[in-house]
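Notes for the one structure printed next.
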Amino acid sequence: ALLAAAGAELANRLGVSERATELAEGYREGLQERRRAVPPQHRQSFDGHPQTIAAASALAALGPEGAGPAPAGITRLLEINRELNQRLPLDELLARILDGAIELSGAERGFVLLLGGLQRRGSKLRLVAARTVEGERLRRGLTQLSTSIAEEAMSSGATVVVADARADERFRSRLSVSGLELRAVLCVPLRASGELRGALYLDNRFRRDVFGASTVALAEAFAEQAGIALENGRLLE
């Protein structure tokens, strides 16, 4: 349920479909079940936790009275979030995060970068997973992406959107951009418990202007939940 907060809030802002409302009801039930599982003496702390408040507030906005057609991406976002809310092996979780991000954004490739890697060793940004739109793994590490763009997202703590990397004055002179012949790039910070943990990097080497405003909004909502799922997954390993 906590993973649904950002997606539910976005769905409310853009309008919800019947399917999205149905999924939100499932998240509500999940939140209630989690609360019932908490010992009575600890429920006040659970209720006051920032993530619980955020989830409950966002889900409360998605009642049956919600009207208006929602973009298909909103419903799919909630469906993918439900998948991430399961307890999955870390490798499978990473694959689902990348497949979901690529599907929602229209990217050709996706990369998960974490500070210190999966073991949090050091503060260096490390590549922990990479996949293509066909679901194939990429194994050549950071040489596959623009580290300049990833570092910009990390240093600013904000999403970086590049419509056409070859024409963008900020990055076109960088070797990683010219050498990889990149076009559209979207890099979204990954956070958990309010702290910057890494970045979700998406790109398309063949098309420019792939990542419009609505796509960026979906990616940011998804990245927020992916960051929480990854943090939980690492703690469970």
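To be explicit about the labels: the chains of the structure tokens are called A, B, and onward in the order shown, and within each one the residues are counted from 1, while ligands get numbers from 1 in the order they are shown.
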Kindly assemble as a Markdown table a list of the segment 70-105 of chain A residues that lie within 9 Å of segment 193-203 of chain A, each paired with its nearest atom pair and their distance in Å to one decimal, using only C-alpha atoms, sorted first by chain and then by ascending residue number.
```
| residue | atom | partner | partner_atom | distance |
| --- | --- | --- | --- | --- |
| A:Leu98 | CA | A:Leu200 | CA | 8.4 |
| A:Ala101 | CA | A:Leu202 | CA | 7.9 |
| A:Ile102 | CA | A:Leu202 | CA | 7.2 |
| A:Ser105 | CA | A:Leu202 | CA | 8.1 |
```
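Counting only C-alpha atoms and comparing A:Leu145, A:Met154, A:Leu190, A:Ala95, the residue that lies closest to Arg205 of chain A is A:Leu145.
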Taking the DSSP assignment computed from this structure's backbone, write out as a list in words all residues of segment 126-167 of chain A that belong to helix (DSSP H, G or I).
-> Gly141, Leu142, Thr143, Gln144, Thr147, Ser148, Ile149, Ala150, Glu151, Glu152, Ala153, Met154, Ser155 and Ser156 of chain A
I need the chosen residues saved as a PDB file, in the first residue's frame, with C-alpha atoms.
```pdb
ATOM      1  CA  GLY A 141      28.206  -1.552 -17.733  1.00  0.00           C
ATOM      2  CA  LEU A 142      28.377   2.222 -17.607  1.00  0.00           C
ATOM      3  CA  THR A 143      29.862   2.415 -21.094  1.00  0.00           C
ATOM      4  CA  GLN A 144      26.315   1.926 -22.415  1.00  0.00           C
ATOM      5  CA  THR A 147      27.325   9.184 -17.118  1.00  0.00           C
ATOM      6  CA  SER A 148      27.212  12.973 -17.551  1.00  0.00           C
ATOM      7  CA  ILE A 149      23.425  12.960 -17.636  1.00  0.00           C
ATOM      8  CA  ALA A 150      23.189  10.500 -14.741  1.00  0.00           C
ATOM      9  CA  GLU A 151      25.560  12.584 -12.633  1.00  0.00           C
ATOM     10  CA  GLU A 152      23.570  15.737 -13.390  1.00  0.00           C
ATOM     11  CA  ALA A 153      20.383  14.093 -12.086  1.00  0.00           C
ATOM     12  CA  MET A 154      22.206  12.908  -8.978  1.00  0.00           C
ATOM     13  CA  SER A 155      23.941  16.185  -8.201  1.00  0.00           C
ATOM     14  CA  SER A 156      20.787  18.267  -8.712  1.00  0.00           C
TER      15      SER A 156
END
```
Among segment 102-199 of chain A, which residues carry a DSSP assignment of strand (DSSP E), reported as an MDAnalysis selection string?
-> chainID A and resid 109:115 125:132 160:162 184:192 195:199
For the residues in the current selection, export N, CA, C and O atoms as a compact mmCIF listing (two decimals), in the first residue's frame.
```txt
# COMPACT_ATOMS: atom_id res chain seq x y z
N ARG A 109 15.79 1.51 -23.84
CA ARG A 109 16.64 0.83 -22.86
C ARG A 109 16.42 1.45 -21.48
O ARG A 109 15.99 2.59 -21.36
N GLY A 110 16.71 0.66 -20.45
CA GLY A 110 16.60 1.17 -19.09
C GLY A 110 17.75 0.69 -18.23
O GLY A 110 18.28 -0.41 -18.42
N PHE A 111 18.15 1.53 -17.25
CA PHE A 111 19.27 1.23 -16.37
C PHE A 111 18.91 1.64 -14.94
O PHE A 111 18.30 2.69 -14.73
N VAL A 112 19.29 0.81 -13.98
CA VAL A 112 19.17 1.18 -12.57
C VAL A 112 20.57 1.41 -12.03
O VAL A 112 21.44 0.53 -12.10
N LEU A 113 20.79 2.61 -11.49
CA LEU A 113 22.07 2.97 -10.90
C LEU A 113 21.86 3.27 -9.42
O LEU A 113 20.94 3.99 -9.06
N LEU A 114 22.72 2.70 -8.56
CA LEU A 114 22.59 2.90 -7.13
C LEU A 114 23.91 3.39 -6.54
O LEU A 114 24.98 2.96 -6.96
N LEU A 115 23.81 4.28 -5.57
CA LEU A 115 25.00 4.75 -4.88
C LEU A 115 25.60 3.60 -4.07
O LEU A 115 24.93 3.01 -3.22
N LEU A 125 28.41 5.97 -7.97
CA LEU A 125 27.22 5.51 -8.67
C LEU A 125 27.58 4.26 -9.46
O LEU A 125 28.48 4.28 -10.29
N ARG A 126 26.85 3.17 -9.19
CA ARG A 126 27.15 1.90 -9.83
C ARG A 126 25.93 1.36 -10.57
O ARG A 126 24.80 1.48 -10.10
N LEU A 127 26.19 0.75 -11.70
CA LEU A 127 25.13 0.13 -12.48
C LEU A 127 24.81 -1.24 -11.89
O LEU A 127 25.69 -2.08 -11.75
N VAL A 128 23.55 -1.47 -11.55
CA VAL A 128 23.16 -2.76 -10.95
C VAL A 128 22.25 -3.57 -11.87
O VAL A 128 22.09 -4.78 -11.67
N ALA A 129 21.65 -2.93 -12.88
CA ALA A 129 20.79 -3.68 -13.81
C ALA A 129 20.57 -2.84 -15.06
O ALA A 129 20.50 -1.61 -15.00
N ALA A 130 20.46 -3.53 -16.21
CA ALA A 130 20.21 -2.85 -17.49
C ALA A 130 19.47 -3.80 -18.41
O ALA A 130 19.81 -4.98 -18.50
N ARG A 131 18.43 -3.28 -19.09
CA ARG A 131 17.63 -4.11 -19.99
C ARG A 131 17.20 -3.31 -21.21
O ARG A 131 17.17 -2.07 -21.18
N THR A 132 16.86 -4.04 -22.25
CA THR A 132 16.33 -3.42 -23.46
C THR A 132 14.82 -3.58 -23.51
O THR A 132 14.22 -4.30 -22.69
N VAL A 160 16.22 14.83 -15.11
CA VAL A 160 16.84 15.43 -16.30
C VAL A 160 16.16 14.85 -17.53
O VAL A 160 16.12 13.63 -17.71
N VAL A 161 15.63 15.73 -18.37
CA VAL A 161 14.97 15.33 -19.62
C VAL A 161 15.75 15.91 -20.78
O VAL A 161 15.98 17.13 -20.83
N VAL A 162 16.17 15.07 -21.70
CA VAL A 162 16.91 15.50 -22.87
C VAL A 162 16.13 15.07 -24.11
O VAL A 162 15.98 13.88 -24.36
N ALA A 184 16.98 10.68 -27.27
CA ALA A 184 16.20 11.08 -26.10
C ALA A 184 16.69 10.36 -24.84
O ALA A 184 16.97 9.17 -24.88
N VAL A 185 16.79 11.11 -23.74
CA VAL A 185 17.24 10.54 -22.46
C VAL A 185 16.36 11.10 -21.34
O VAL A 185 16.02 12.28 -21.33
N LEU A 186 16.00 10.23 -20.41
CA LEU A 186 15.26 10.63 -19.22
C LEU A 186 15.93 9.97 -18.02
O LEU A 186 16.09 8.75 -17.99
N CYS A 187 16.34 10.77 -17.05
CA CYS A 187 17.01 10.24 -15.86
C CYS A 187 16.31 10.79 -14.62
O CYS A 187 16.26 12.00 -14.42
N VAL A 188 15.77 9.88 -13.82
CA VAL A 188 14.96 10.25 -12.65
C VAL A 188 15.65 9.76 -11.39
O VAL A 188 16.01 8.58 -11.30
N PRO A 189 15.85 10.63 -10.39
CA PRO A 189 16.45 10.18 -9.13
C PRO A 189 15.59 9.13 -8.44
O PRO A 189 14.36 9.15 -8.52
N LEU A 190 16.25 8.19 -7.78
CA LEU A 190 15.58 7.17 -6.97
C LEU A 190 15.79 7.52 -5.50
O LEU A 190 16.93 7.74 -5.07
N ARG A 191 14.71 7.57 -4.75
CA ARG A 191 14.79 7.91 -3.33
C ARG A 191 14.09 6.85 -2.49
O ARG A 191 13.18 6.18 -2.95
N ALA A 192 14.52 6.78 -1.22
CA ALA A 192 13.85 5.93 -0.23
C ALA A 192 14.04 6.60 1.12
O ALA A 192 15.14 7.08 1.43
N GLU A 195 15.80 9.94 1.21
CA GLU A 195 17.22 10.07 0.84
C GLU A 195 17.46 9.62 -0.59
O GLU A 195 16.83 8.68 -1.07
N LEU A 196 18.39 10.29 -1.25
CA LEU A 196 18.75 9.95 -2.62
C LEU A 196 19.54 8.65 -2.63
O LEU A 196 20.57 8.53 -1.96
N ARG A 197 19.05 7.64 -3.38
CA ARG A 197 19.69 6.34 -3.40
C ARG A 197 20.33 6.00 -4.74
O ARG A 197 21.20 5.14 -4.82
N GLY A 198 19.87 6.64 -5.82
CA GLY A 198 20.40 6.31 -7.13
C GLY A 198 19.58 6.99 -8.21
O GLY A 198 19.00 8.05 -8.00
N ALA A 199 19.53 6.35 -9.39
CA ALA A 199 18.81 6.95 -10.51
C ALA A 199 18.26 5.87 -11.43
O ALA A 199 18.85 4.79 -11.58
```
Proximity to Val133 of chain A - best of A:Thr215, A:Gln225, A:Gln32, A:Asn204, only C-alpha atoms = A:Asn204
